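Student: Data: my_file-v5.cif, mmCIF, C-alpha atoms (C1' of nucleotides).
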data_work
#
loop_
_atom_site.label_atom_id
_atom_site.label_comp_id
_atom_site.auth_asym_id
_atom_site.auth_seq_id
_atom_site.Cartn_x
_atom_site.Cartn_y
_atom_site.Cartn_z
CA MET A 772 -31.43 95.67 -108.18
CA LYS A 773 -28.40 97.73 -107.60
CA ARG A 774 -26.99 97.70 -111.07
CA GLN A 775 -28.08 99.54 -114.14
CA THR A 776 -28.37 96.91 -116.80
CA ALA A 777 -29.24 97.41 -120.42
CA GLN A 778 -32.28 95.16 -120.07
CA ARG A 779 -33.63 97.05 -117.10
CA GLN A 780 -33.21 100.33 -118.88
CA ALA A 781 -34.85 98.88 -121.95
CA ILE A 782 -37.87 97.80 -119.95
CA GLU A 783 -38.26 101.24 -118.44
CA LYS A 784 -37.90 102.77 -121.86
CA VAL A 785 -40.69 100.55 -123.17
CA PHE A 786 -43.04 102.08 -120.62
CA ARG A 787 -41.98 105.58 -121.61
CA GLN A 788 -42.50 104.83 -125.27
CA HIS A 789 -45.80 103.03 -124.82
CA ASP A 790 -47.72 104.88 -122.20
CA ARG A 791 -50.56 102.43 -121.65
CA LEU A 792 -51.43 99.13 -119.98
CA LEU A 793 -48.86 96.58 -121.09
CA ALA A 794 -48.83 92.79 -120.78
CA ILE A 795 -45.63 90.86 -120.16
CA PRO A 796 -45.40 89.55 -123.75
CA GLU A 797 -45.72 93.11 -125.05
CA ILE A 798 -43.00 94.38 -122.76
CA LEU A 799 -40.82 91.51 -123.90
CA ALA A 800 -41.53 92.15 -127.57
CA TYR A 801 -40.88 95.90 -127.42
CA GLY A 802 -37.91 95.44 -125.13
CA SER A 803 -36.35 92.89 -127.44
CA ARG A 804 -36.07 95.56 -130.09
CA ILE A 805 -33.75 97.45 -127.78
CA VAL A 806 -31.94 94.48 -126.24
CA PRO A 807 -32.40 91.50 -128.55
CA SER A 808 -31.28 88.95 -125.98
CA LEU A 809 -33.96 90.10 -123.54
CA ASN A 810 -35.54 87.15 -121.82
CA GLN A 811 -39.00 86.62 -120.39
CA ALA A 812 -37.66 85.70 -116.97
CA THR A 813 -35.69 88.92 -116.90
CA VAL A 814 -38.81 90.88 -117.71
CA TYR A 815 -40.65 89.21 -114.85
CA ARG A 816 -37.78 89.82 -112.46
CA ASN A 817 -37.42 93.48 -113.34
CA ILE A 818 -41.14 94.16 -113.38
CA LYS A 819 -41.36 92.67 -109.92
CA GLN A 820 -38.65 95.00 -108.72
CA LEU A 821 -40.16 98.03 -110.41
CA VAL A 822 -43.50 97.29 -108.79
CA ALA A 823 -41.81 96.90 -105.39
CA GLU A 824 -40.05 100.23 -105.91
CA GLY A 825 -43.35 101.86 -106.78
CA ARG A 826 -42.29 102.84 -110.27
CA ILE A 827 -44.70 100.52 -112.04
CA ARG A 828 -48.22 99.60 -111.02
CA GLN A 829 -49.79 96.21 -111.49
CA VAL A 830 -53.34 96.19 -112.82
CA LYS A 831 -55.36 93.00 -112.78
CA HIS A 832 -57.80 93.40 -115.60
CA PRO A 833 -60.80 91.10 -115.26
CA ASP A 834 -60.79 90.16 -118.93
CA LEU A 835 -57.18 90.64 -119.94
CA GLY A 836 -55.30 89.35 -116.94
CA THR A 837 -52.32 91.00 -115.31
CA ARG A 838 -50.95 94.12 -116.94
CA TYR A 839 -48.64 96.95 -115.96
CA GLU A 840 -48.46 100.71 -116.31
CA ARG A 841 -46.28 103.55 -115.04
CA ALA A 842 -47.16 104.39 -111.47
CA HIS A 843 -46.86 108.16 -111.62
CA LYS A 844 -50.02 108.59 -113.68
CA SER A 845 -52.97 110.28 -112.09
CA HIS A 846 -56.17 108.41 -111.37
CA HIS A 847 -57.85 107.04 -114.48
CA HIS A 848 -59.85 104.11 -115.76
CA HIS A 849 -59.30 101.66 -118.55
CA PHE A 850 -61.37 101.17 -121.63
CA HIS A 851 -61.07 97.89 -123.45
CA CYS A 852 -62.09 98.00 -127.11
CA ASN A 853 -63.73 94.76 -128.17
CA GLY A 854 -62.96 95.65 -131.77
CA CYS A 855 -59.22 96.24 -131.88
CA ASN A 856 -58.63 94.68 -128.47
CA ARG A 857 -56.59 97.63 -127.27
CA VAL A 858 -56.86 99.19 -123.84
CA MET A 859 -56.83 102.94 -123.53
CA ASP A 860 -56.69 105.20 -120.52
CA LEU A 861 -59.65 107.40 -119.78
CA PRO A 862 -58.46 110.31 -117.65
CA GLY A 863 -60.47 111.28 -114.60
CA CYS A 864 -62.87 109.33 -112.50
CA ALA A 865 -66.37 108.35 -113.52
CA LEU A 866 -67.46 107.31 -110.04
CA LYS A 867 -70.05 109.23 -108.10
CA GLU A 868 -68.18 110.17 -104.99
CA ASP A 869 -71.07 110.21 -102.57
CA HIS A 870 -73.12 107.41 -101.18
CA ILE A 871 -71.28 104.76 -103.12
CA VAL A 872 -70.90 102.63 -100.04
CA PRO A 873 -73.36 102.14 -97.18
CA ASP A 874 -73.05 103.98 -93.90
CA GLY A 875 -70.20 102.75 -91.77
CA PHE A 876 -68.26 101.35 -94.70
CA VAL A 877 -64.87 102.78 -95.52
CA LEU A 878 -63.99 102.96 -99.18
CA GLU A 879 -60.29 102.53 -99.70
CA SER A 880 -59.95 101.95 -103.39
CA HIS A 881 -61.89 101.24 -106.52
CA ASP A 882 -61.33 99.96 -110.00
CA VAL A 883 -63.50 100.69 -112.99
CA PHE A 884 -63.17 98.65 -116.15
CA LEU A 885 -65.06 99.80 -119.21
CA SER A 886 -65.48 98.03 -122.50
CA GLY A 887 -67.10 98.59 -125.84
CA LEU A 888 -65.89 100.06 -129.10
CA CYS A 889 -63.36 102.82 -129.59
CA ASP A 890 -64.04 105.64 -132.02
CA ARG A 891 -62.16 103.94 -134.81
CA CYS A 892 -63.88 100.59 -134.39
CA ALA A 893 -67.32 102.13 -133.90
CA GLY A 894 -66.83 103.41 -137.43
CA ARG A 895 -68.09 106.77 -138.42
CA MET B 232 -77.78 68.27 -118.35
CA LYS B 233 -81.20 66.82 -118.80
CA ARG B 234 -81.57 65.13 -115.47
CA GLN B 235 -82.36 66.51 -112.09
CA THR B 236 -79.61 65.25 -109.88
CA ALA B 237 -79.26 65.80 -106.17
CA GLN B 238 -75.91 67.51 -106.68
CA ARG B 239 -77.24 69.91 -109.28
CA GLN B 240 -80.13 70.83 -107.04
CA ALA B 241 -77.77 71.25 -104.13
CA ILE B 242 -75.63 73.67 -106.11
CA GLU B 243 -78.64 75.76 -107.06
CA LYS B 244 -79.78 75.72 -103.48
CA VAL B 245 -76.41 77.01 -102.34
CA PHE B 246 -76.91 80.09 -104.49
CA ARG B 247 -80.37 80.62 -103.06
CA GLN B 248 -79.10 80.29 -99.52
CA HIS B 249 -76.02 82.44 -100.03
CA ASP B 250 -77.02 85.30 -102.25
CA ARG B 251 -73.61 86.75 -102.98
CA LEU B 252 -70.48 86.22 -105.05
CA LEU B 253 -69.32 82.66 -104.51
CA ALA B 254 -66.06 80.96 -105.39
CA ILE B 255 -65.91 77.34 -106.48
CA PRO B 256 -64.48 76.09 -103.15
CA GLU B 257 -67.31 77.83 -101.31
CA ILE B 258 -69.94 76.28 -103.53
CA LEU B 259 -68.31 72.92 -102.98
CA ALA B 260 -68.17 73.39 -99.23
CA TYR B 261 -71.76 74.53 -98.85
CA GLY B 262 -72.99 71.97 -101.35
CA SER B 263 -71.23 69.17 -99.53
CA ARG B 264 -73.42 69.82 -96.54
CA ILE B 265 -76.41 68.91 -98.67
CA VAL B 266 -74.82 66.15 -100.74
CA PRO B 267 -71.73 64.92 -98.86
CA SER B 268 -70.29 63.09 -101.86
CA LEU B 269 -70.29 66.28 -103.94
CA ASN B 270 -67.16 66.53 -106.00
CA GLN B 271 -65.24 69.53 -107.29
CA ALA B 272 -65.44 68.32 -110.88
CA THR B 273 -69.19 68.09 -110.57
CA VAL B 274 -69.35 71.64 -109.30
CA TYR B 275 -67.34 72.86 -112.26
CA ARG B 276 -69.48 70.88 -114.70
CA ASN B 277 -72.75 72.13 -113.31
CA ILE B 278 -71.60 75.72 -112.95
CA LYS B 279 -70.55 75.67 -116.57
CA GLN B 280 -74.01 74.49 -117.56
CA LEU B 281 -75.77 76.99 -115.34
CA VAL B 282 -73.74 79.81 -116.86
CA ALA B 283 -74.53 78.56 -120.37
CA GLU B 284 -78.21 78.45 -119.48
CA GLY B 285 -78.01 82.00 -118.17
CA ARG B 286 -79.02 81.09 -114.65
CA ILE B 287 -75.68 81.92 -113.10
CA ARG B 288 -73.32 84.76 -114.02
CA GLN B 289 -69.56 84.55 -113.97
CA VAL B 290 -67.73 87.50 -112.43
CA LYS B 291 -64.00 87.84 -112.80
CA HIS B 292 -62.92 89.77 -109.75
CA PRO B 293 -59.52 91.41 -110.22
CA ASP B 294 -58.34 90.46 -106.74
CA LEU B 295 -60.35 87.37 -105.95
CA GLY B 296 -60.41 85.56 -109.25
CA THR B 297 -63.43 83.93 -110.82
CA ARG B 298 -66.63 83.92 -108.83
CA TYR B 299 -70.30 83.30 -109.52
CA GLU B 300 -73.64 84.79 -108.62
CA ARG B 301 -77.26 84.32 -109.60
CA ALA B 302 -77.96 85.93 -112.93
CA HIS B 303 -81.38 87.40 -112.26
CA LYS B 304 -80.04 90.11 -109.97
CA SER B 305 -80.30 93.69 -111.08
CA HIS B 306 -77.23 95.76 -111.85
CA HIS B 307 -74.94 96.19 -108.86
CA HIS B 308 -71.31 96.43 -107.87
CA HIS B 309 -69.16 94.45 -105.51
CA PHE B 310 -67.47 95.62 -102.36
CA HIS B 311 -64.57 93.59 -101.08
CA CYS B 312 -63.86 94.01 -97.37
CA ASN B 313 -60.13 93.83 -96.66
CA GLY B 314 -60.94 93.04 -93.05
CA CYS B 315 -63.19 90.01 -93.17
CA ASN B 316 -62.41 89.28 -96.80
CA ARG B 317 -66.07 88.99 -97.73
CA VAL B 318 -67.63 90.44 -100.86
CA MET B 319 -70.97 92.17 -100.59
CA ASP B 320 -73.30 93.50 -103.23
CA LEU B 321 -73.91 97.23 -103.43
CA PRO B 322 -77.21 97.78 -105.20
CA GLY B 323 -77.42 100.39 -107.91
CA CYS B 324 -74.75 101.91 -110.09
CA ALA B 325 -72.16 104.37 -108.90
CA LEU B 326 -71.03 105.36 -112.39
CA LYS B 327 -71.68 108.79 -113.81
CA GLU B 328 -73.66 108.00 -116.91
CA ASP B 329 -72.54 110.92 -119.04
CA HIS B 330 -69.23 111.65 -120.60
CA ILE B 331 -67.58 108.57 -119.24
CA VAL B 332 -66.12 107.73 -122.61
CA PRO B 333 -64.78 110.09 -125.26
CA ASP B 334 -66.82 111.15 -128.27
CA GLY B 335 -67.26 108.40 -130.80
CA PHE B 336 -66.69 105.62 -128.29
CA VAL B 337 -69.48 103.17 -127.60
CA LEU B 338 -69.72 101.94 -124.04
CA GLU B 339 -71.06 98.41 -123.93
CA SER B 340 -70.41 97.31 -120.40
CA HIS B 341 -68.61 98.25 -117.24
CA ASP B 342 -67.46 96.66 -114.04
CA VAL B 343 -66.83 98.47 -110.80
CA PHE B 344 -64.92 96.82 -108.00
CA LEU B 345 -64.76 98.56 -104.65
CA SER B 346 -62.71 97.66 -101.63
CA GLY B 347 -62.13 98.85 -98.11
CA LEU B 348 -63.68 98.00 -94.78
CA CYS B 349 -67.25 96.97 -94.11
CA ASP B 350 -69.18 98.50 -91.24
CA ARG B 351 -68.32 95.67 -88.91
CA CYS B 352 -64.61 95.71 -89.66
CA ALA B 353 -64.40 99.50 -89.61
CA GLY B 354 -65.41 99.12 -85.99
CA ARG B 355 -67.56 101.61 -84.26
"C1'" DT C 850 -88.47 46.94 -112.81
"C1'" DT C 851 -85.47 47.16 -115.93
"C1'" DG C 852 -82.22 49.10 -119.30
"C1'" DC C 853 -79.62 52.71 -120.89
"C1'" DA C 854 -77.62 57.04 -121.39
"C1'" DA C 855 -76.52 60.96 -118.49
"C1'" DA C 856 -74.15 62.26 -114.56
"C1'" DT C 857 -70.98 61.52 -110.91
"C1'" DG C 858 -66.53 60.76 -108.24
"C1'" DA C 859 -61.88 60.10 -108.24
"C1'" DT C 860 -57.89 61.31 -110.24
"C1'" DA C 861 -54.82 62.27 -113.81
"C1'" DG C 862 -53.96 65.65 -117.18
"C1'" DT C 863 -53.85 70.27 -119.37
"C1'" DG C 864 -52.70 75.03 -120.16
"C1'" DC C 865 -51.17 78.99 -118.52
"C1'" DA C 866 -48.59 82.54 -116.02
"C1'" DT C 867 -45.00 82.89 -113.12
"C1'" DT C 868 -40.67 81.13 -110.63
"C1'" DT C 869 -36.50 79.06 -109.88
"C1'" DG C 870 -31.72 76.76 -110.36
"C1'" DC C 871 -27.59 77.37 -112.32
"C1'" DA C 872 -23.78 78.39 -115.32
"C1'" DA C 873 -22.36 82.32 -117.97
"C1'" DT C 874 -22.14 87.34 -118.34
"C1'" DA C 875 -21.27 91.91 -117.19
"C1'" DA C 876 -21.71 96.22 -113.76
"C1'" DA C 877 -19.45 98.36 -110.27
"C1'" DT C 878 -15.66 99.01 -107.22
"C1'" DA C 879 -10.97 98.84 -105.94
"C1'" DT D 1450 -7.48 96.00 -115.25
"C1'" DA D 1451 -8.80 92.55 -112.18
"C1'" DT D 1452 -12.19 91.09 -108.86
"C1'" DT D 1453 -16.50 90.51 -107.09
"C1'" DT D 1454 -21.11 89.38 -107.22
"C1'" DA D 1455 -25.65 91.07 -109.08
"C1'" DT D 1456 -27.95 90.00 -113.10
"C1'" DT D 1457 -28.93 87.46 -117.10
"C1'" DG D 1458 -30.49 83.63 -120.30
"C1'" DC D 1459 -32.06 79.33 -120.60
"C1'" DA D 1460 -34.81 75.62 -119.43
"C1'" DA D 1461 -36.96 73.07 -116.19
"C1'" DA D 1462 -40.13 73.43 -112.44
"C1'" DT D 1463 -44.02 75.22 -109.99
"C1'" DG D 1464 -48.79 76.47 -108.80
"C1'" DC D 1465 -53.15 77.09 -110.05
"C1'" DA D 1466 -57.66 76.82 -111.99
"C1'" DC D 1467 -59.92 74.09 -114.82
"C1'" DT D 1468 -60.84 69.84 -117.97
"C1'" DA D 1469 -60.74 65.07 -119.45
"C1'" DT D 1470 -60.92 60.14 -118.67
"C1'" DC D 1471 -63.28 56.31 -117.26
"C1'" DA D 1472 -65.40 53.05 -114.27
"C1'" DT D 1473 -69.40 53.34 -111.44
"C1'" DT D 1474 -73.81 55.16 -110.17
"C1'" DT D 1475 -78.35 56.90 -110.92
"C1'" DG D 1476 -82.39 59.41 -113.10
"C1'" DC D 1477 -85.98 58.36 -115.80
"C1'" DA D 1478 -88.77 56.46 -119.60
"C1'" DA D 1479 -90.46 52.21 -121.19
#
As structure tokens, what does this structure read like?
Tutor:
Amino acid sequence: MKRQTAQRQAIEKVFRQHDRLLAIPEILAYGSRIVPSLNQATVYRNIKQLVAEGRIRQVKHPDLGTRYERAHKSHHHHFHCNGCNRVMDLPGCALKEDHIVPDGFVLESHDVFLSGLCDRCAGR
Amino acid sequence: MKRQTAQRQAIEKVFRQHDRLLAIPEILAYGSRIVPSLNQATVYRNIKQLVAEGRIRQVKHPDLGTRYERAHKSHHHHFHCNGCNRVMDLPGCALKEDHIVPDGFVLESHDVFLSGLCDRCAGR
DNA sequence: TTGCAAATGATAGTGCATTTGCAATAAATA
DNA sequence: TATTTATTGCAAATGCACTATCATTTGCAA
């Protein structure tokens, strides 16, 4: 990608406007509002590039499949609401740092996926 | 499934012999040693039943796809070794119980996936 | 033992996310 | 402004995990 195209800029804008885990169809839908002709294949192609460039991070959610988010964000986990089906970021890390892995093991990365009901769906 | 077939028993035996997260091809491979004619479709059919009966649990690993383990096991997490590519159970829970989710949220379940190097692959 | 429905094996089919081929379009450079 | 070629849109193609079909086999109750 050496050229600044309207569709590429639109896709990046989508991530700025919707700062959360996004699926390809969502990116396409939001992006189409900016560039109506935007095509699914173009979304895939640009996302691939953005991931390669380290601007976007791919997250493979066990229940929701492959999603994407901006890469600059600090470490956080994802909460999936079973009520409204949205995924929200939970800042910080809920992992106990020590003694997670047995002696001799080297922990390189971890993913935590939480689910339940968000405040709205839990009702008041 | 109302009948005790050799293939069904073989599949259950595979889980007893290999007490860890297993993928369908693994179950097929190990099961074939017991019942050589064992077929992939039969593995899928029986696994589906076993999951429905609550004897086997399905785990959707973000990197490794769908895997299965015996359901009776107590809460644990999975460590994926990037060296030997095996997945091992880590007993206990490494999550901080309190304040994981914001006020008003109800946490129903969580999955923790760890990865790195196991003791063997980390070398000594 | 026999008869029958459940289960299997082999294979084709499905659904889905992702990719590719290619002609048309449009950024960038001269 | 013209030229070049990366990028797009479209649609067909791919890969894959899983399911369905159906003739054959087999567990099991009579």
Student: I need the chain A residues near chain B as an mmCIF file with C-alpha atoms, in the coordinates of the input; criterion: at most 7 Å, counting all atoms listed in the file.
Tutor:
data_model
loop_
_atom_site.group_PDB
_atom_site.id
_atom_site.type_symbol
_atom_site.label_atom_id
_atom_site.label_comp_id
_atom_site.auth_asym_id
_atom_site.auth_seq_id
_atom_site.Cartn_x
_atom_site.Cartn_y
_atom_site.Cartn_z
ATOM 1 C CA LYS A 831 -55.360 93.000 -112.780
ATOM 2 C CA HIS A 832 -57.800 93.400 -115.600
ATOM 3 C CA PRO A 833 -60.800 91.100 -115.260
ATOM 4 C CA ALA A 865 -66.370 108.350 -113.520
ATOM 5 C CA LEU A 866 -67.460 107.310 -110.040
ATOM 6 C CA LYS A 867 -70.050 109.230 -108.100
ATOM 7 C CA ILE A 871 -71.280 104.760 -103.120
ATOM 8 C CA GLY A 875 -70.200 102.750 -91.770
ATOM 9 C CA PHE A 876 -68.260 101.350 -94.700
ATOM 10 C CA VAL A 877 -64.870 102.780 -95.520
ATOM 11 C CA LEU A 878 -63.990 102.960 -99.180
ATOM 12 C CA GLU A 879 -60.290 102.530 -99.700
ATOM 13 C CA SER A 880 -59.950 101.950 -103.390
ATOM 14 C CA HIS A 881 -61.890 101.240 -106.520
ATOM 15 C CA ASP A 882 -61.330 99.960 -110.000
ATOM 16 C CA VAL A 883 -63.500 100.690 -112.990
ATOM 17 C CA PHE A 884 -63.170 98.650 -116.150
ATOM 18 C CA LEU A 885 -65.060 99.800 -119.210
ATOM 19 C CA SER A 886 -65.480 98.030 -122.500
ATOM 20 C CA GLY A 887 -67.100 98.590 -125.840
ATOM 21 C CA LEU A 888 -65.890 100.060 -129.100
ATOM 22 C CA CYS A 889 -63.360 102.820 -129.590
ATOM 23 C CA ASP A 890 -64.040 105.640 -132.020
ATOM 24 C CA ALA A 893 -67.320 102.130 -133.900
#
Student: Select residues of chain C: the criterion is any atom within 9 Å of an atom of chain A, counting all atoms listed in the file; output as a PyMOL selection string.
Tutor: chain C and resi 867-868+875-877
Student: So how far away is atom CA of Asn270 of chain B from atom C1' of DG858 of chain C, in Å?
Tutor: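 For atom C1' of DG858 of chain C relative to atom CA of Asn270 of chain B, the distance reads 6.2 Å.
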Student: Between A:Met859, A:Leu809, A:Ala800, A:Leu835, which is the closest to chain D once you count all atoms listed in the file?
Tutor: A:Leu809
Student: Name the residues that the PyMOL selection byres ((chain D) within 10 of (chain B)) picks from the file above, as a list in words, using the file's chain letters and numbers.
Tutor: DA1466, DC1467, DT1468, DT1475, DG1476 and DC1477 of chain D
Student: Go ahead and compute the interatomic distance for atom CA of Gly262 of chain B and atom C1' of DT1470 of chain D, in Å to one decimal.
Tutor: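 Calculated distance between atom CA of Gly262 of chain B and atom C1' of DT1470 of chain D is 24.2 Å.
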Student: To verify the selection step, state as an NGL selection string which residues the PyMOL selection byres ((chain A and resi 784-789) around 7) yields on this input.
Tutor: :A and (780-783 or 790-791 or 798 or 801-802 or 841)
